[in-house]
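*Asks:* Handing over entry09.txt, compact mmCIF, N, CA and C atoms.
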# COMPACT_ATOMS: atom_id res chain seq x y z
N VAL V 211 2.15 10.10 14.06
CA VAL V 211 1.75 10.16 12.66
C VAL V 211 0.60 11.17 12.51
N GLN V 212 0.80 12.12 11.62
CA GLN V 212 -0.24 13.12 11.38
C GLN V 212 -0.61 13.11 9.90
N LEU V 213 -1.90 13.25 9.63
CA LEU V 213 -2.37 13.24 8.26
C LEU V 213 -3.20 14.50 7.99
N GLN V 214 -3.05 15.03 6.80
CA GLN V 214 -3.80 16.22 6.40
C GLN V 214 -4.32 16.02 4.99
N ALA V 215 -5.65 15.94 4.87
CA ALA V 215 -6.27 15.77 3.56
C ALA V 215 -6.60 17.12 2.95
N SER V 216 -6.58 17.18 1.63
CA SER V 216 -6.92 18.41 0.93
C SER V 216 -7.39 18.09 -0.48
N GLY V 217 -7.97 19.10 -1.14
CA GLY V 217 -8.33 18.96 -2.55
C GLY V 217 -9.80 18.73 -2.83
N GLY V 218 -10.62 18.65 -1.80
CA GLY V 218 -12.04 18.47 -2.02
C GLY V 218 -12.68 19.68 -2.67
N GLY V 219 -13.94 19.51 -3.09
CA GLY V 219 -14.63 20.63 -3.70
C GLY V 219 -15.98 20.23 -4.26
N LEU V 220 -16.57 21.14 -5.01
CA LEU V 220 -17.88 20.93 -5.65
C LEU V 220 -17.67 20.69 -7.14
N VAL V 221 -18.15 19.55 -7.62
CA VAL V 221 -18.02 19.20 -9.04
C VAL V 221 -19.36 18.70 -9.55
N GLN V 222 -19.46 18.57 -10.86
CA GLN V 222 -20.67 18.03 -11.46
C GLN V 222 -20.51 16.55 -11.75
N ALA V 223 -21.63 15.87 -11.86
CA ALA V 223 -21.60 14.45 -12.18
C ALA V 223 -20.83 14.23 -13.49
N GLY V 224 -19.96 13.22 -13.48
CA GLY V 224 -19.14 12.92 -14.64
C GLY V 224 -17.77 13.57 -14.60
N ASP V 225 -17.58 14.53 -13.72
CA ASP V 225 -16.29 15.21 -13.59
C ASP V 225 -15.28 14.34 -12.86
N SER V 226 -14.04 14.82 -12.86
CA SER V 226 -12.96 14.16 -12.13
C SER V 226 -12.42 15.10 -11.06
N LEU V 227 -11.84 14.51 -10.04
CA LEU V 227 -11.27 15.28 -8.94
C LEU V 227 -10.18 14.43 -8.30
N ARG V 228 -9.09 15.09 -7.91
CA ARG V 228 -8.04 14.38 -7.18
C ARG V 228 -7.88 15.00 -5.81
N ILE V 229 -7.97 14.18 -4.79
CA ILE V 229 -7.71 14.62 -3.43
C ILE V 229 -6.40 14.00 -2.96
N SER V 230 -5.76 14.65 -2.01
CA SER V 230 -4.47 14.19 -1.55
C SER V 230 -4.41 14.21 -0.03
N CYS V 231 -3.42 13.50 0.49
CA CYS V 231 -3.23 13.45 1.94
C CYS V 231 -1.73 13.45 2.21
N THR V 232 -1.29 14.41 2.97
CA THR V 232 0.11 14.50 3.36
C THR V 232 0.28 13.83 4.71
N VAL V 233 1.25 12.93 4.79
CA VAL V 233 1.48 12.15 5.99
C VAL V 233 2.81 12.55 6.61
N SER V 234 2.79 12.88 7.88
CA SER V 234 4.01 13.25 8.60
C SER V 234 4.28 12.21 9.67
N THR V 235 5.50 11.66 9.66
CA THR V 235 5.86 10.67 10.68
C THR V 235 7.22 11.03 11.27
N ARG V 236 7.31 10.89 12.58
CA ARG V 236 8.59 11.10 13.28
C ARG V 236 8.70 10.07 14.39
N PRO V 237 9.51 9.00 14.32
CA PRO V 237 10.45 8.73 13.23
C PRO V 237 9.73 8.17 12.00
N PHE V 238 10.49 7.74 11.03
CA PHE V 238 9.92 7.19 9.82
C PHE V 238 9.32 5.82 10.09
N TYR V 239 8.09 5.60 9.56
CA TYR V 239 7.44 4.29 9.66
C TYR V 239 7.00 3.86 8.26
N ARG V 240 7.00 2.57 8.04
CA ARG V 240 6.39 2.05 6.82
C ARG V 240 4.90 1.94 7.09
N LEU V 241 4.12 2.58 6.26
CA LEU V 241 2.69 2.70 6.49
C LEU V 241 1.87 2.14 5.34
N ALA V 242 0.75 1.54 5.68
CA ALA V 242 -0.31 1.34 4.70
C ALA V 242 -1.20 2.58 4.77
N LEU V 243 -1.73 3.01 3.63
CA LEU V 243 -2.55 4.21 3.57
C LEU V 243 -3.90 3.90 2.96
N GLY V 244 -4.91 4.62 3.40
CA GLY V 244 -6.24 4.35 2.89
C GLY V 244 -7.13 5.57 2.86
N TRP V 245 -8.28 5.39 2.24
CA TRP V 245 -9.33 6.42 2.20
C TRP V 245 -10.66 5.81 2.61
N PHE V 246 -11.36 6.54 3.43
CA PHE V 246 -12.73 6.22 3.81
C PHE V 246 -13.58 7.43 3.48
N ARG V 247 -14.90 7.25 3.49
CA ARG V 247 -15.78 8.39 3.29
C ARG V 247 -17.04 8.23 4.14
N GLN V 248 -17.65 9.36 4.44
CA GLN V 248 -18.87 9.35 5.24
C GLN V 248 -19.86 10.34 4.66
N ALA V 249 -20.97 9.82 4.19
CA ALA V 249 -22.04 10.64 3.65
C ALA V 249 -22.98 11.03 4.79
N PRO V 250 -23.72 12.11 4.62
CA PRO V 250 -24.65 12.54 5.69
C PRO V 250 -25.62 11.44 6.08
N GLY V 251 -25.72 11.19 7.37
CA GLY V 251 -26.64 10.19 7.86
C GLY V 251 -26.21 8.76 7.69
N LYS V 252 -24.99 8.55 7.21
CA LYS V 252 -24.49 7.19 6.97
C LYS V 252 -23.21 6.94 7.76
N GLU V 253 -22.86 5.67 7.91
CA GLU V 253 -21.64 5.32 8.58
C GLU V 253 -20.44 5.52 7.64
N ARG V 254 -19.27 5.67 8.26
CA ARG V 254 -18.05 5.79 7.47
C ARG V 254 -17.79 4.47 6.76
N GLU V 255 -17.42 4.54 5.49
CA GLU V 255 -17.20 3.33 4.71
C GLU V 255 -15.85 3.36 4.01
N PHE V 256 -15.32 2.18 3.78
CA PHE V 256 -14.05 2.00 3.10
C PHE V 256 -14.17 2.39 1.63
N VAL V 257 -13.13 3.05 1.13
CA VAL V 257 -13.09 3.43 -0.29
C VAL V 257 -11.93 2.73 -1.00
N ALA V 258 -10.72 2.92 -0.50
CA ALA V 258 -9.55 2.36 -1.17
C ALA V 258 -8.38 2.32 -0.19
N ALA V 259 -7.42 1.45 -0.48
CA ALA V 259 -6.23 1.33 0.35
C ALA V 259 -5.05 0.91 -0.50
N ILE V 260 -3.86 1.27 -0.04
CA ILE V 260 -2.63 0.89 -0.73
C ILE V 260 -1.61 0.43 0.28
N SER V 261 -1.05 -0.74 0.02
CA SER V 261 -0.04 -1.30 0.91
C SER V 261 1.28 -0.55 0.77
N TRP V 262 2.17 -0.77 1.73
CA TRP V 262 3.53 -0.23 1.60
C TRP V 262 4.18 -0.80 0.33
N THR V 263 3.80 -2.02 -0.02
CA THR V 263 4.35 -2.68 -1.21
C THR V 263 3.79 -2.10 -2.51
N GLY V 264 2.73 -1.31 -2.42
CA GLY V 264 2.13 -0.70 -3.61
C GLY V 264 0.87 -1.38 -4.11
N ARG V 265 0.52 -2.52 -3.53
CA ARG V 265 -0.68 -3.22 -3.98
C ARG V 265 -1.90 -2.44 -3.50
N THR V 266 -2.92 -2.39 -4.36
CA THR V 266 -4.10 -1.56 -4.08
C THR V 266 -5.36 -2.38 -3.90
N TYR V 267 -6.31 -1.82 -3.18
CA TYR V 267 -7.58 -2.47 -2.89
C TYR V 267 -8.69 -1.42 -2.97
N TYR V 268 -9.85 -1.82 -3.47
CA TYR V 268 -10.95 -0.89 -3.67
C TYR V 268 -12.29 -1.46 -3.22
N ALA V 269 -13.18 -0.56 -2.82
CA ALA V 269 -14.57 -0.94 -2.60
C ALA V 269 -15.21 -1.18 -3.96
N ASP V 270 -16.17 -2.08 -4.00
CA ASP V 270 -16.83 -2.40 -5.26
C ASP V 270 -17.48 -1.16 -5.89
N SER V 271 -17.95 -0.25 -5.06
CA SER V 271 -18.68 0.91 -5.56
C SER V 271 -17.79 1.90 -6.32
N VAL V 272 -16.47 1.80 -6.13
CA VAL V 272 -15.58 2.76 -6.78
C VAL V 272 -14.58 2.10 -7.72
N ARG V 273 -14.51 0.78 -7.70
CA ARG V 273 -13.52 0.08 -8.54
C ARG V 273 -13.74 0.43 -10.01
N GLY V 274 -12.68 0.79 -10.69
CA GLY V 274 -12.76 1.17 -12.09
C GLY V 274 -12.95 2.66 -12.30
N ARG V 275 -13.33 3.39 -11.26
CA ARG V 275 -13.50 4.84 -11.35
C ARG V 275 -12.46 5.59 -10.51
N PHE V 276 -12.08 5.03 -9.39
CA PHE V 276 -11.14 5.67 -8.48
C PHE V 276 -9.78 4.95 -8.54
N THR V 277 -8.71 5.72 -8.35
CA THR V 277 -7.38 5.16 -8.30
C THR V 277 -6.62 5.75 -7.12
N ILE V 278 -6.12 4.87 -6.27
CA ILE V 278 -5.30 5.31 -5.14
C ILE V 278 -3.84 5.15 -5.52
N SER V 279 -3.02 6.10 -5.11
CA SER V 279 -1.58 6.02 -5.38
C SER V 279 -0.84 6.71 -4.25
N ARG V 280 0.49 6.55 -4.27
CA ARG V 280 1.28 7.17 -3.22
C ARG V 280 2.65 7.55 -3.74
N GLU V 281 3.20 8.58 -3.16
CA GLU V 281 4.59 8.95 -3.37
C GLU V 281 5.27 8.72 -2.02
N SER V 282 5.86 7.56 -1.88
CA SER V 282 6.40 7.20 -0.57
C SER V 282 7.52 8.12 -0.13
N ALA V 283 8.32 8.58 -1.10
CA ALA V 283 9.43 9.46 -0.75
C ALA V 283 8.93 10.76 -0.14
N LYS V 284 7.74 11.19 -0.55
CA LYS V 284 7.17 12.43 -0.05
C LYS V 284 6.06 12.18 0.96
N ASN V 285 5.77 10.92 1.22
CA ASN V 285 4.69 10.58 2.15
C ASN V 285 3.39 11.28 1.79
N ILE V 286 3.01 11.15 0.54
CA ILE V 286 1.74 11.70 0.08
C ILE V 286 0.93 10.60 -0.57
N GLU V 287 -0.34 10.55 -0.29
CA GLU V 287 -1.21 9.62 -1.00
C GLU V 287 -2.26 10.44 -1.75
N TYR V 288 -2.72 9.85 -2.86
CA TYR V 288 -3.69 10.51 -3.70
C TYR V 288 -4.90 9.59 -3.94
N LEU V 289 -6.02 10.22 -4.21
CA LEU V 289 -7.19 9.48 -4.67
C LEU V 289 -7.71 10.21 -5.90
N GLN V 290 -7.47 9.61 -7.06
CA GLN V 290 -7.99 10.16 -8.30
C GLN V 290 -9.39 9.61 -8.52
N MET V 291 -10.35 10.50 -8.62
CA MET V 291 -11.74 10.10 -8.74
C MET V 291 -12.28 10.55 -10.10
N ASN V 292 -12.67 9.59 -10.92
CA ASN V 292 -13.19 9.87 -12.25
C ASN V 292 -14.67 9.48 -12.32
N ASN V 293 -15.36 10.07 -13.30
CA ASN V 293 -16.78 9.77 -13.50
C ASN V 293 -17.55 9.83 -12.18
N LEU V 294 -17.39 10.93 -11.50
CA LEU V 294 -18.02 11.07 -10.19
C LEU V 294 -19.54 11.09 -10.30
N LYS V 295 -20.17 10.55 -9.27
CA LYS V 295 -21.62 10.45 -9.22
C LYS V 295 -22.12 11.17 -7.97
N PRO V 296 -23.39 11.60 -7.97
CA PRO V 296 -23.92 12.23 -6.75
C PRO V 296 -23.77 11.36 -5.51
N GLY V 297 -23.83 10.06 -5.70
CA GLY V 297 -23.68 9.12 -4.59
C GLY V 297 -22.28 9.11 -4.00
N ASP V 298 -21.32 9.76 -4.66
CA ASP V 298 -19.96 9.85 -4.13
C ASP V 298 -19.83 11.03 -3.18
N THR V 299 -20.85 11.84 -3.04
CA THR V 299 -20.81 12.98 -2.14
C THR V 299 -20.61 12.52 -0.71
N ALA V 300 -19.58 13.04 -0.07
CA ALA V 300 -19.23 12.62 1.28
C ALA V 300 -18.05 13.44 1.77
N VAL V 301 -17.76 13.30 3.05
CA VAL V 301 -16.49 13.77 3.59
C VAL V 301 -15.51 12.62 3.46
N TYR V 302 -14.39 12.87 2.84
CA TYR V 302 -13.38 11.84 2.59
C TYR V 302 -12.26 11.98 3.63
N TYR V 303 -11.93 10.86 4.26
CA TYR V 303 -10.91 10.83 5.30
C TYR V 303 -9.75 9.94 4.86
N CYS V 304 -8.53 10.42 5.10
CA CYS V 304 -7.37 9.56 4.86
C CYS V 304 -6.99 8.88 6.18
N ALA V 305 -6.43 7.70 6.04
CA ALA V 305 -6.08 6.90 7.20
C ALA V 305 -4.74 6.22 6.98
N ALA V 306 -4.09 5.85 8.08
CA ALA V 306 -2.79 5.19 8.01
C ALA V 306 -2.65 4.19 9.14
N VAL V 307 -1.81 3.20 8.89
CA VAL V 307 -1.48 2.21 9.91
C VAL V 307 -0.06 1.73 9.66
N ARG V 308 0.68 1.45 10.71
CA ARG V 308 2.03 0.92 10.57
C ARG V 308 1.93 -0.53 10.11
N TYR V 309 2.38 -0.78 8.88
CA TYR V 309 2.23 -2.12 8.30
C TYR V 309 3.19 -2.19 7.13
N ASN V 310 4.21 -3.06 7.22
CA ASN V 310 5.28 -3.00 6.22
C ASN V 310 5.18 -4.11 5.17
N SER V 311 4.02 -4.79 5.09
CA SER V 311 3.84 -5.80 4.05
C SER V 311 2.47 -5.61 3.40
N ASP V 312 2.11 -6.52 2.52
CA ASP V 312 0.82 -6.42 1.84
C ASP V 312 -0.33 -6.58 2.84
N ILE V 313 -1.37 -5.77 2.67
CA ILE V 313 -2.49 -5.76 3.61
C ILE V 313 -3.63 -6.67 3.17
N GLY V 314 -3.41 -7.44 2.12
CA GLY V 314 -4.48 -8.21 1.53
C GLY V 314 -5.25 -9.11 2.48
N ASN V 315 -4.57 -9.68 3.46
CA ASN V 315 -5.23 -10.61 4.38
C ASN V 315 -5.56 -9.96 5.72
N SER V 316 -5.59 -8.66 5.75
CA SER V 316 -5.88 -7.94 6.98
C SER V 316 -7.30 -7.40 6.97
N GLY V 317 -7.65 -6.65 7.98
CA GLY V 317 -8.97 -6.04 8.05
C GLY V 317 -9.00 -4.64 7.50
N TYR V 318 -8.33 -4.42 6.38
CA TYR V 318 -8.14 -3.07 5.86
C TYR V 318 -9.45 -2.36 5.54
N ASN V 319 -10.52 -3.10 5.27
CA ASN V 319 -11.77 -2.45 4.92
C ASN V 319 -12.61 -2.11 6.15
N GLU V 320 -12.04 -2.31 7.32
CA GLU V 320 -12.74 -1.99 8.55
C GLU V 320 -12.14 -0.76 9.21
N GLU V 321 -13.00 0.14 9.59
CA GLU V 321 -12.55 1.42 10.16
C GLU V 321 -11.62 1.20 11.36
N GLY V 322 -11.95 0.23 12.21
CA GLY V 322 -11.18 0.03 13.44
C GLY V 322 -9.78 -0.52 13.23
N TRP V 323 -9.46 -0.98 12.03
CA TRP V 323 -8.14 -1.53 11.75
C TRP V 323 -7.09 -0.44 11.62
N TRP V 324 -7.51 0.77 11.28
CA TRP V 324 -6.60 1.87 11.03
C TRP V 324 -6.33 2.65 12.32
N ASN V 325 -5.06 3.04 12.52
CA ASN V 325 -4.66 3.71 13.75
C ASN V 325 -4.70 5.23 13.68
N TYR V 326 -4.43 5.78 12.51
CA TYR V 326 -4.26 7.22 12.40
C TYR V 326 -5.24 7.78 11.36
N TRP V 327 -5.80 8.93 11.68
CA TRP V 327 -6.80 9.55 10.82
C TRP V 327 -6.51 11.03 10.64
N GLY V 328 -6.81 11.51 9.46
CA GLY V 328 -6.76 12.94 9.21
C GLY V 328 -8.14 13.54 9.25
N ARG V 329 -8.19 14.86 9.29
CA ARG V 329 -9.47 15.52 9.16
C ARG V 329 -9.96 15.36 7.72
N GLY V 330 -11.22 15.31 7.55
CA GLY V 330 -11.76 15.03 6.23
C GLY V 330 -11.76 16.21 5.29
N THR V 331 -11.98 15.91 4.03
CA THR V 331 -12.16 16.93 3.01
C THR V 331 -13.48 16.65 2.29
N GLN V 332 -14.28 17.69 2.12
CA GLN V 332 -15.63 17.52 1.57
C GLN V 332 -15.58 17.42 0.05
N VAL V 333 -16.25 16.40 -0.47
CA VAL V 333 -16.43 16.25 -1.91
C VAL V 333 -17.93 16.25 -2.18
N THR V 334 -18.38 17.17 -3.00
CA THR V 334 -19.80 17.28 -3.32
C THR V 334 -19.97 17.17 -4.83
N VAL V 335 -20.82 16.23 -5.24
CA VAL V 335 -21.06 16.00 -6.66
C VAL V 335 -22.51 16.36 -6.96
N SER V 336 -22.70 17.34 -7.80
CA SER V 336 -24.06 17.76 -8.15
C SER V 336 -24.52 17.04 -9.41
N SER V 337 -25.82 16.83 -9.50
CA SER V 337 -26.38 16.11 -10.66
C SER V 337 -26.71 17.05 -11.80
Will you turn the file into structure tokens for me?

*Replies:*
Amino acid sequence: VQLQASGGGLVQAGDSLRISCTVSTRPFYRLALGWFRQAPGKEREFVAAISWTGRTYYADSVRGRFTISRESAKNIEYLQMNNLKPGDTAVYYCAAVRYNSDIGNSGYNEEGWWNYWGRGTQVTVSS
């Protein structure tokens, strides 16, 4: 499983940005997909996740502002980020794990639960 994130950039506070992650699998696997982020000097933290079933989960800090989605047929996941704040500045990483049911009772918000990682994409929000 290989992941490639893209779409990061420099925006102003209050702006919106959508980042995406292309997932390649050979053979085909049912995957849960997620996003984490790491700000300078801080540990990587959970942002959002989406089950193979489509159910979504969010960190409290982004709930209501960020939306995770996926196009399973194309193996692409998106993170739509609205009303961005300077505190959202970080390198954003996409992650995947083989999991064909809802992840609600799993350790999805823990970095070690995910098996596959892409290189990050930088998101910088200026005030």

*Asks:* Please measure the separation of CA of Ser271 (chain V) and atom C of Asp312 (chain V), giving the value in Å to one decimal.

*Replies:*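 About the pair CA of Ser271 (chain V) and atom C of Asp312 (chain V): they are 21.5 Å apart.
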
*Asks:* Would you kindly return, as a list in words, each protein, DNA or RNA residue with an atom no farther than 6 Å from any atom of Thr334 (chain V), considering only N, CA and C atoms and excluding same-chain residues fewer than 3 positions away?

*Replies:*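 That gives Gly219, Leu220, Val221, Thr299 and Ala300 of chain V.
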
*Asks:* From the set V:Gly264, V:Gly224, V:Gly330, V:Gly314, which residue has the shortest atom-to-atom contact distance to Pro296 (chain V), counting all atoms listed in the file?

*Replies:*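 Looking at the shortest contact to Pro296 (chain V), the residue is V:Gly224.
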
*Asks:* Which is closer to Ala242 (chain V) than all the others in V:Ile313, V:Ala306, V:Ile278, V:Arg228, using only N, CA and C atoms?

*Replies:*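 Nearest candidate to Ala242 (chain V) out of V:Ile313, V:Ala306, V:Ile278, V:Arg228: V:Ala306.
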
*Asks:* Residues within 7 Å of Ser279 (chain V), please, as a ChimeraX atom specification. Count all atoms listed in the file; anything in the same chain fewer than 2 positions from it doesn't count.

*Replies:* /V:260,277,281,286-290

*Asks:* Some atoms are missing, so please complete region 246-257 of chain V with all heavy atoms and return it as a PDB file, in the frame of the given file.

*Replies:*
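Contents of rebuild25.pdb, freshly written:
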ATOM      1  N   PHE V 246     -11.360   6.540   3.430  1.00  0.00           N
ATOM      2  CA  PHE V 246     -12.730   6.220   3.810  1.00  0.00           C
ATOM      3  C   PHE V 246     -13.580   7.430   3.480  1.00  0.00           C
ATOM      4  O   PHE V 246     -13.070   8.526   3.267  1.00  0.00           O
ATOM      5  CB  PHE V 246     -12.830   5.904   5.308  1.00  0.00           C
ATOM      6  CG  PHE V 246     -12.344   4.528   5.673  1.00  0.00           C
ATOM      7  CD1 PHE V 246     -10.996   4.208   5.615  1.00  0.00           C
ATOM      8  CD2 PHE V 246     -13.232   3.553   6.092  1.00  0.00           C
ATOM      9  CE1 PHE V 246     -10.543   2.934   5.943  1.00  0.00           C
ATOM     10  CE2 PHE V 246     -12.792   2.287   6.440  1.00  0.00           C
ATOM     11  CZ  PHE V 246     -11.447   1.984   6.361  1.00  0.00           C
ATOM     12  N   ARG V 247     -14.900   7.250   3.490  1.00  0.00           N
ATOM     13  CA  ARG V 247     -15.780   8.390   3.290  1.00  0.00           C
ATOM     14  C   ARG V 247     -17.040   8.230   4.140  1.00  0.00           C
ATOM     15  O   ARG V 247     -17.419   7.115   4.495  1.00  0.00           O
ATOM     16  CB  ARG V 247     -16.168   8.538   1.815  1.00  0.00           C
ATOM     17  CG  ARG V 247     -17.027   7.398   1.252  1.00  0.00           C
ATOM     18  CD  ARG V 247     -17.215   7.568  -0.246  1.00  0.00           C
ATOM     19  NE  ARG V 247     -18.063   6.533  -0.809  1.00  0.00           N
ATOM     20  CZ  ARG V 247     -18.303   6.383  -2.108  1.00  0.00           C
ATOM     21  NH1 ARG V 247     -17.749   7.227  -3.000  1.00  0.00           N
ATOM     22  NH2 ARG V 247     -19.082   5.412  -2.543  1.00  0.00           N
ATOM     23  N   GLN V 248     -17.650   9.360   4.440  1.00  0.00           N
ATOM     24  CA  GLN V 248     -18.870   9.350   5.240  1.00  0.00           C
ATOM     25  C   GLN V 248     -19.860  10.340   4.660  1.00  0.00           C
ATOM     26  O   GLN V 248     -19.584  11.546   4.626  1.00  0.00           O
ATOM     27  CB  GLN V 248     -18.577   9.673   6.698  1.00  0.00           C
ATOM     28  CG  GLN V 248     -19.777   9.507   7.599  1.00  0.00           C
ATOM     29  CD  GLN V 248     -19.408   9.565   9.071  1.00  0.00           C
ATOM     30  OE1 GLN V 248     -18.349  10.077   9.445  1.00  0.00           O
ATOM     31  NE2 GLN V 248     -20.264   9.031   9.912  1.00  0.00           N
ATOM     32  N   ALA V 249     -20.970   9.820   4.190  1.00  0.00           N
ATOM     33  CA  ALA V 249     -22.040  10.640   3.650  1.00  0.00           C
ATOM     34  C   ALA V 249     -22.980  11.030   4.790  1.00  0.00           C
ATOM     35  O   ALA V 249     -23.033  10.351   5.821  1.00  0.00           O
ATOM     36  CB  ALA V 249     -22.798   9.888   2.573  1.00  0.00           C
ATOM     37  N   PRO V 250     -23.720  12.110   4.620  1.00  0.00           N
ATOM     38  CA  PRO V 250     -24.650  12.540   5.690  1.00  0.00           C
ATOM     39  C   PRO V 250     -25.620  11.440   6.080  1.00  0.00           C
ATOM     40  O   PRO V 250     -26.252  10.806   5.223  1.00  0.00           O
ATOM     41  CB  PRO V 250     -25.379  13.716   5.042  1.00  0.00           C
ATOM     42  CG  PRO V 250     -24.438  14.246   4.029  1.00  0.00           C
ATOM     43  CD  PRO V 250     -23.724  13.047   3.487  1.00  0.00           C
ATOM     44  N   GLY V 251     -25.720  11.190   7.370  1.00  0.00           N
ATOM     45  CA  GLY V 251     -26.640  10.190   7.860  1.00  0.00           C
ATOM     46  C   GLY V 251     -26.210   8.760   7.690  1.00  0.00           C
ATOM     47  O   GLY V 251     -26.967   7.832   8.003  1.00  0.00           O
ATOM     48  N   LYS V 252     -24.990   8.550   7.210  1.00  0.00           N
ATOM     49  CA  LYS V 252     -24.490   7.190   6.970  1.00  0.00           C
ATOM     50  C   LYS V 252     -23.210   6.940   7.760  1.00  0.00           C
ATOM     51  O   LYS V 252     -22.553   7.873   8.210  1.00  0.00           O
ATOM     52  CB  LYS V 252     -24.242   6.960   5.487  1.00  0.00           C
ATOM     53  CG  LYS V 252     -25.499   7.016   4.633  1.00  0.00           C
ATOM     54  CD  LYS V 252     -25.200   6.625   3.204  1.00  0.00           C
ATOM     55  CE  LYS V 252     -26.465   6.620   2.354  1.00  0.00           C
ATOM     56  NZ  LYS V 252     -26.178   6.220   0.952  1.00  0.00           N
ATOM     57  N   GLU V 253     -22.860   5.670   7.910  1.00  0.00           N
ATOM     58  CA  GLU V 253     -21.640   5.320   8.580  1.00  0.00           C
ATOM     59  C   GLU V 253     -20.440   5.520   7.640  1.00  0.00           C
ATOM     60  O   GLU V 253     -20.583   5.526   6.427  1.00  0.00           O
ATOM     61  CB  GLU V 253     -21.692   3.860   9.053  1.00  0.00           C
ATOM     62  CG  GLU V 253     -22.759   3.594  10.106  1.00  0.00           C
ATOM     63  CD  GLU V 253     -22.691   2.171  10.625  1.00  0.00           C
ATOM     64  OE1 GLU V 253     -21.956   1.358  10.054  1.00  0.00           O
ATOM     65  OE2 GLU V 253     -23.392   1.889  11.615  1.00  0.00           O
ATOM     66  N   ARG V 254     -19.270   5.670   8.260  1.00  0.00           N
ATOM     67  CA  ARG V 254     -18.050   5.790   7.470  1.00  0.00           C
ATOM     68  C   ARG V 254     -17.790   4.470   6.760  1.00  0.00           C
ATOM     69  O   ARG V 254     -17.929   3.390   7.361  1.00  0.00           O
ATOM     70  CB  ARG V 254     -16.885   6.144   8.383  1.00  0.00           C
ATOM     71  CG  ARG V 254     -15.648   6.598   7.663  1.00  0.00           C
ATOM     72  CD  ARG V 254     -14.563   7.061   8.631  1.00  0.00           C
ATOM     73  NE  ARG V 254     -15.005   8.167   9.479  1.00  0.00           N
ATOM     74  CZ  ARG V 254     -14.181   8.824  10.272  1.00  0.00           C
ATOM     75  NH1 ARG V 254     -12.895   8.519  10.316  1.00  0.00           N
ATOM     76  NH2 ARG V 254     -14.639   9.812  11.026  1.00  0.00           N
ATOM     77  N   GLU V 255     -17.420   4.540   5.490  1.00  0.00           N
ATOM     78  CA  GLU V 255     -17.200   3.330   4.710  1.00  0.00           C
ATOM     79  C   GLU V 255     -15.850   3.360   4.010  1.00  0.00           C
ATOM     80  O   GLU V 255     -15.323   4.417   3.668  1.00  0.00           O
ATOM     81  CB  GLU V 255     -18.312   3.145   3.659  1.00  0.00           C
ATOM     82  CG  GLU V 255     -18.356   4.221   2.600  1.00  0.00           C
ATOM     83  CD  GLU V 255     -19.389   3.937   1.510  1.00  0.00           C
ATOM     84  OE1 GLU V 255     -20.130   2.942   1.611  1.00  0.00           O
ATOM     85  OE2 GLU V 255     -19.443   4.733   0.545  1.00  0.00           O
ATOM     86  N   PHE V 256     -15.320   2.180   3.780  1.00  0.00           N
ATOM     87  CA  PHE V 256     -14.050   2.000   3.100  1.00  0.00           C
ATOM     88  C   PHE V 256     -14.170   2.390   1.630  1.00  0.00           C
ATOM     89  O   PHE V 256     -15.172   2.081   0.982  1.00  0.00           O
ATOM     90  CB  PHE V 256     -13.615   0.541   3.221  1.00  0.00           C
ATOM     91  CG  PHE V 256     -12.440   0.188   2.361  1.00  0.00           C
ATOM     92  CD1 PHE V 256     -11.166   0.596   2.694  1.00  0.00           C
ATOM     93  CD2 PHE V 256     -12.633  -0.567   1.207  1.00  0.00           C
ATOM     94  CE1 PHE V 256     -10.086   0.259   1.889  1.00  0.00           C
ATOM     95  CE2 PHE V 256     -11.573  -0.913   0.406  1.00  0.00           C
ATOM     96  CZ  PHE V 256     -10.292  -0.492   0.749  1.00  0.00           C
ATOM     97  N   VAL V 257     -13.130   3.050   1.130  1.00  0.00           N
ATOM     98  CA  VAL V 257     -13.090   3.430  -0.290  1.00  0.00           C
ATOM     99  C   VAL V 257     -11.930   2.730  -1.000  1.00  0.00           C
ATOM    100  O   VAL V 257     -12.129   2.044  -2.000  1.00  0.00           O
ATOM    101  CB  VAL V 257     -12.952   4.956  -0.451  1.00  0.00           C
ATOM    102  CG1 VAL V 257     -12.798   5.324  -1.931  1.00  0.00           C
ATOM    103  CG2 VAL V 257     -14.138   5.673   0.169  1.00  0.00           C
TER     104      VAL V 257
END
